[in-house]
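Novice: For reference, the structure I am asking about is given below.
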Amino acid sequence: PLVRVEPVQASSGPLAVGGHGVVRPRAEVVVGAELAGRVVGVSPNLVSGGRFARDEVLVRLDPEPVAAALAQAEADAASARAALALAEQTVRRTEDLIAQGFLSRQALDERIASRDQAKAGLARAEALVRQRRLDLARTEVRAPFDGRVLVERVDVGDTVQPGRELARIHDARELEVAVSLGDREMAQVGDAWATQDAAKASRRAAQLHVEHGGTTYRWDAHIDRVEAALDSATRTFHVVVRVLDATARGEPVGPGDAAAPPPLLVGMFARVDIQGRDPGPHLRLPREALRDGDVVWALDANSAIRILPVRVLRDGDRHVAVMADGLAPGDRVVTSALQVVTHGMPVRATGAEPAAATR
């Protein structure tokens, strides 16, 4: 039979472990009011896709009702201080009268109890003042970080209640992608779990690639962590890769129109390449040459098939990296299909020149 063959190539260096995933924010927050009120101001940046800075006022509620309640609480606190001052003065006078023999000890006990009640009343009034001041600060809903707006659901004039969702935002500085890796890929990555406790400089390097307008753009990243559980359906590990500078625009890779590189956006579909460990010298084969059971059909110098088992290091879309005894660079492997294959079966080869006989 006529078969199509390709030569085996020598390779070395670290193997890249690949995967795909969707860009997601590390921190996504629902913005809501902590008290009821009427919206009197909304930041112009609080629109879908808008950017905002840390501590920026996103939503402002009407402060007048809270300010009036604060003024009343401060007046009550002043009254409580005056009552406490009078109670303390009464205790001192009672002690003097007891020393002169004009009053009994019971009268002093009653004055002391009144003073303690005044102290409690003042503490209660001061606590209410702190609560009203806190409520006044909460009339301004501020951004907890530098970020972007995913969804906006509020406008000037709305009356909001505590807990109502006003917007959904995310931290624009920290974006990540979760990729699914099997046992074989995780073995090539190495100890990915150790990166969670290691310094940032020692974490396993990675890159994100996104297609946009016919051009591929790249962002540098690193392995941040491995999620706690395996996927029960696919039995794969979820490795989370975090972008080093999520605010930077992508770096173009290869030809294409790179006049306006895009920023990295939540929801983009990305290819992730993780730098794996260096297995030493190995072989590189076309993906079609790998058969079920991790074997290849190699040809000897007489164009007879040899069925050889291989150890797959990396299974890519177009090529696989393997190690195998009895297979050397320059050997020919079959990439076409055959219905029946036996060891030593002669074939006619097309697609590559016969390798020089070495065995």
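Numbering starts fresh at 1 for the residues of each chain in the structure tokens, the chains themselves are lettered A, B, ... in the order given, and ligands are numbered from 1 as they appear.
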Could you write out, as a ChimeraX atom specification, all the residues of segment 55-198 of chain A that DSSP marks as strand (DSSP E)?
Specialist: /A:57-61,140-142,147-152,159-160,165-171,175-181
Novice: For C-alpha atoms, I'd like the residues from the last selection saved as a compact mmCIF listing (two decimals), in the first residue's frame.
Specialist:
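again_25.txt, freshly written:
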# COMPACT_ATOMS: atom_id res chain seq x y z
CA VAL A 57 -17.69 58.76 43.91
CA LEU A 58 -19.84 56.60 41.65
CA VAL A 59 -23.29 57.33 43.11
CA ARG A 60 -24.41 60.15 45.43
CA LEU A 61 -27.62 60.01 47.49
CA GLU A 140 -21.53 58.63 48.64
CA VAL A 141 -20.87 55.22 47.08
CA ARG A 142 -17.15 55.12 46.27
CA GLY A 147 -11.69 49.32 37.52
CA ARG A 148 -14.23 49.17 34.75
CA VAL A 149 -18.02 49.00 34.67
CA LEU A 150 -19.65 45.81 33.47
CA VAL A 151 -23.31 46.75 34.04
CA GLU A 152 -24.98 50.00 35.18
CA THR A 159 -35.06 55.96 44.84
CA VAL A 160 -32.92 53.10 46.04
CA GLU A 165 -27.77 46.42 42.73
CA LEU A 166 -26.75 49.75 41.22
CA ALA A 167 -23.88 48.50 39.06
CA ARG A 168 -21.49 45.63 38.57
CA ILE A 169 -17.79 46.48 38.36
CA HIS A 170 -14.48 44.65 38.21
CA ASP A 171 -10.86 45.36 39.02
CA LEU A 175 -7.48 39.77 34.92
CA GLU A 176 -7.05 36.01 34.68
CA VAL A 177 -7.86 32.96 32.58
CA ALA A 178 -8.64 29.47 33.87
CA VAL A 179 -7.43 26.68 31.57
CA SER A 180 -8.13 22.96 31.87
CA LEU A 181 -5.07 20.69 31.84
Novice: Mind pulling up the distance from atom CA of Ile112 of chain A to atom CA of Asp96 of chain A?
Specialist: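 Spanning atom CA of Asp96 of chain A to atom CA of Ile112 of chain A is a straight-line distance of 13.7 Å.
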Novice: Using only C-alpha atoms, which residues of segment 171-223 of chain A come within 12 Å of segment 13-20 of chain A, and what is the closest atom pair for each, with the distance in Å to one decimal? Give it as a Markdown table, sorted by chain and residue number.
Specialist:
| residue | atom | partner | partner_atom | distance |
| --- | --- | --- | --- | --- |
| A:Glu176 | CA | A:His20 | CA | 11.9 |
| A:Val177 | CA | A:His20 | CA | 8.3 |
| A:Ala178 | CA | A:His20 | CA | 8.0 |
| A:Val179 | CA | A:Gly19 | CA | 5.6 |
| A:Ser180 | CA | A:Gly19 | CA | 6.6 |
| A:Leu181 | CA | A:Gly19 | CA | 7.1 |
| A:Gly182 | CA | A:Gly19 | CA | 10.1 |
| A:Asp183 | CA | A:Val17 | CA | 11.6 |
| A:Arg184 | CA | A:Val17 | CA | 9.6 |
| A:Glu185 | CA | A:Val17 | CA | 6.1 |
| A:Met186 | CA | A:Val17 | CA | 8.3 |
| A:Ala187 | CA | A:Val17 | CA | 9.9 |
| A:Gln188 | CA | A:Val17 | CA | 7.2 |
| A:Val189 | CA | A:Val17 | CA | 7.0 |
| A:Gly190 | CA | A:Val17 | CA | 10.7 |
| A:Arg204 | CA | A:Ala16 | CA | 11.0 |
| A:Ala205 | CA | A:Ala16 | CA | 10.0 |
| A:Ala206 | CA | A:Ala16 | CA | 8.7 |
| A:Gln207 | CA | A:Gly18 | CA | 9.7 |
| A:Leu208 | CA | A:His20 | CA | 9.2 |
| A:His209 | CA | A:His20 | CA | 9.4 |
| A:Val210 | CA | A:His20 | CA | 10.1 |
| A:Ile223 | CA | A:Val17 | CA | 11.8 |
Novice: I need the residues in segment 176-255 of chain A that are alpha helix (DSSP H) according to DSSP; give them as an MDAnalysis selection string.
Specialist: chainID A and resid 183:189
Novice: Would you mind exporting N, CA and C atoms of the selected residues as a PDB file, in the first residue's frame?
Specialist:
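Just written: out-v9.pdb:
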ATOM      1  N   ASP A 183      -3.641  15.270  33.201  1.00  0.00           N
ATOM      2  CA  ASP A 183      -2.498  14.785  33.984  1.00  0.00           C
ATOM      3  C   ASP A 183      -1.190  14.967  33.229  1.00  0.00           C
ATOM      4  N   ARG A 184      -1.217  14.671  31.925  1.00  0.00           N
ATOM      5  CA  ARG A 184       0.008  14.750  31.131  1.00  0.00           C
ATOM      6  C   ARG A 184       0.528  16.174  31.066  1.00  0.00           C
ATOM      7  N   GLU A 185      -0.366  17.141  30.849  1.00  0.00           N
ATOM      8  CA  GLU A 185       0.059  18.543  30.782  1.00  0.00           C
ATOM      9  C   GLU A 185       0.525  19.043  32.145  1.00  0.00           C
ATOM     10  N   MET A 186      -0.156  18.639  33.216  1.00  0.00           N
ATOM     11  CA  MET A 186       0.260  19.071  34.550  1.00  0.00           C
ATOM     12  C   MET A 186       1.639  18.542  34.901  1.00  0.00           C
ATOM     13  N   ALA A 187       1.957  17.338  34.429  1.00  0.00           N
ATOM     14  CA  ALA A 187       3.289  16.786  34.680  1.00  0.00           C
ATOM     15  C   ALA A 187       4.360  17.611  33.989  1.00  0.00           C
ATOM     16  N   GLN A 188       4.036  18.169  32.818  1.00  0.00           N
ATOM     17  CA  GLN A 188       5.004  18.999  32.119  1.00  0.00           C
ATOM     18  C   GLN A 188       5.161  20.375  32.759  1.00  0.00           C
ATOM     19  N   VAL A 189       4.090  20.877  33.371  1.00  0.00           N
ATOM     20  CA  VAL A 189       4.187  22.166  34.049  1.00  0.00           C
ATOM     21  C   VAL A 189       5.112  22.061  35.250  1.00  0.00           C
TER      22      VAL A 189
END
Novice: Restricting the calculation to only C-alpha atoms, which member of A:Thr215, A:Asp55, A:Leu134, A:Pro44 is positioned closest to Val253 of chain A?
Specialist: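 So, comparing all the options, the nearest one is A:Thr215.
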Novice: Counting only C-alpha atoms, which of A:Trp193, A:Ala172, A:Arg306, A:Glu28 gets nearest to Thr247 of chain A?
Specialist: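 Between A:Trp193, A:Ala172, A:Arg306, A:Glu28, the residue approaching Thr247 of chain A most closely is A:Ala172.
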Novice: Using only C-alpha atoms, which of A:Pro262, A:His222, A:Asp292, A:Val243 sits nearest Val23 of chain A?
Specialist: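 That would be A:Val243, the residue with the smallest distance to Val23 of chain A.
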Novice: Need to verify the contact set: segment 308-315 of chain A, 8 Å, only C-alpha atoms, exclusion of same-chain residues closer than 6 positions in sequence. Can you return it as an MDAnalysis selection string?
Specialist: chainID A and resid 15 17 184:185 188 287 293:298 321:327
Novice: Just write the chosen residues, C-alpha atoms, as an mmCIF file, in the first residue's frame.
Specialist:
data_model
loop_
_atom_site.group_PDB
_atom_site.id
_atom_site.type_symbol
_atom_site.label_atom_id
_atom_site.label_comp_id
_atom_site.auth_asym_id
_atom_site.auth_seq_id
_atom_site.Cartn_x
_atom_site.Cartn_y
_atom_site.Cartn_z
ATOM 1 C CA LEU A 15 7.832 22.475 26.292
ATOM 2 C CA VAL A 17 1.718 23.573 27.672
ATOM 3 C CA ARG A 184 0.008 14.750 31.131
ATOM 4 C CA GLU A 185 0.059 18.543 30.782
ATOM 5 C CA GLN A 188 5.004 18.999 32.119
ATOM 6 C CA ARG A 287 -0.019 15.039 15.102
ATOM 7 C CA GLY A 293 -2.400 3.557 22.383
ATOM 8 C CA ASP A 294 0.451 6.069 21.934
ATOM 9 C CA VAL A 295 2.238 4.206 19.161
ATOM 10 C CA VAL A 296 3.684 5.310 15.814
ATOM 11 C CA TRP A 297 4.243 3.473 12.545
ATOM 12 C CA ALA A 298 7.869 4.063 11.578
ATOM 13 C CA ALA A 321 6.576 15.871 21.468
ATOM 14 C CA VAL A 322 7.603 12.325 22.355
ATOM 15 C CA MET A 323 10.416 10.145 23.625
ATOM 16 C CA ALA A 324 10.834 6.657 22.141
ATOM 17 C CA ASP A 325 13.412 3.895 22.016
ATOM 18 C CA GLY A 326 14.234 2.852 18.474
ATOM 19 C CA LEU A 327 13.181 6.183 16.923
#
Novice: Nearest to Leu338 of chain A among A:Ala68, A:Leu108, A:Ile305, A:Val320, with distances taken over only C-alpha atoms: which residue is it?
Specialist: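 Under the stated criterion, the closest residue is A:Ile305.
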Novice: With distances taken over only C-alpha atoms, which residue among A:Arg277, A:Ala27, A:Pro263, A:Asp191 lies nearest Val239 of chain A?
Specialist: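 Under the stated criterion, the closest residue is A:Asp191.
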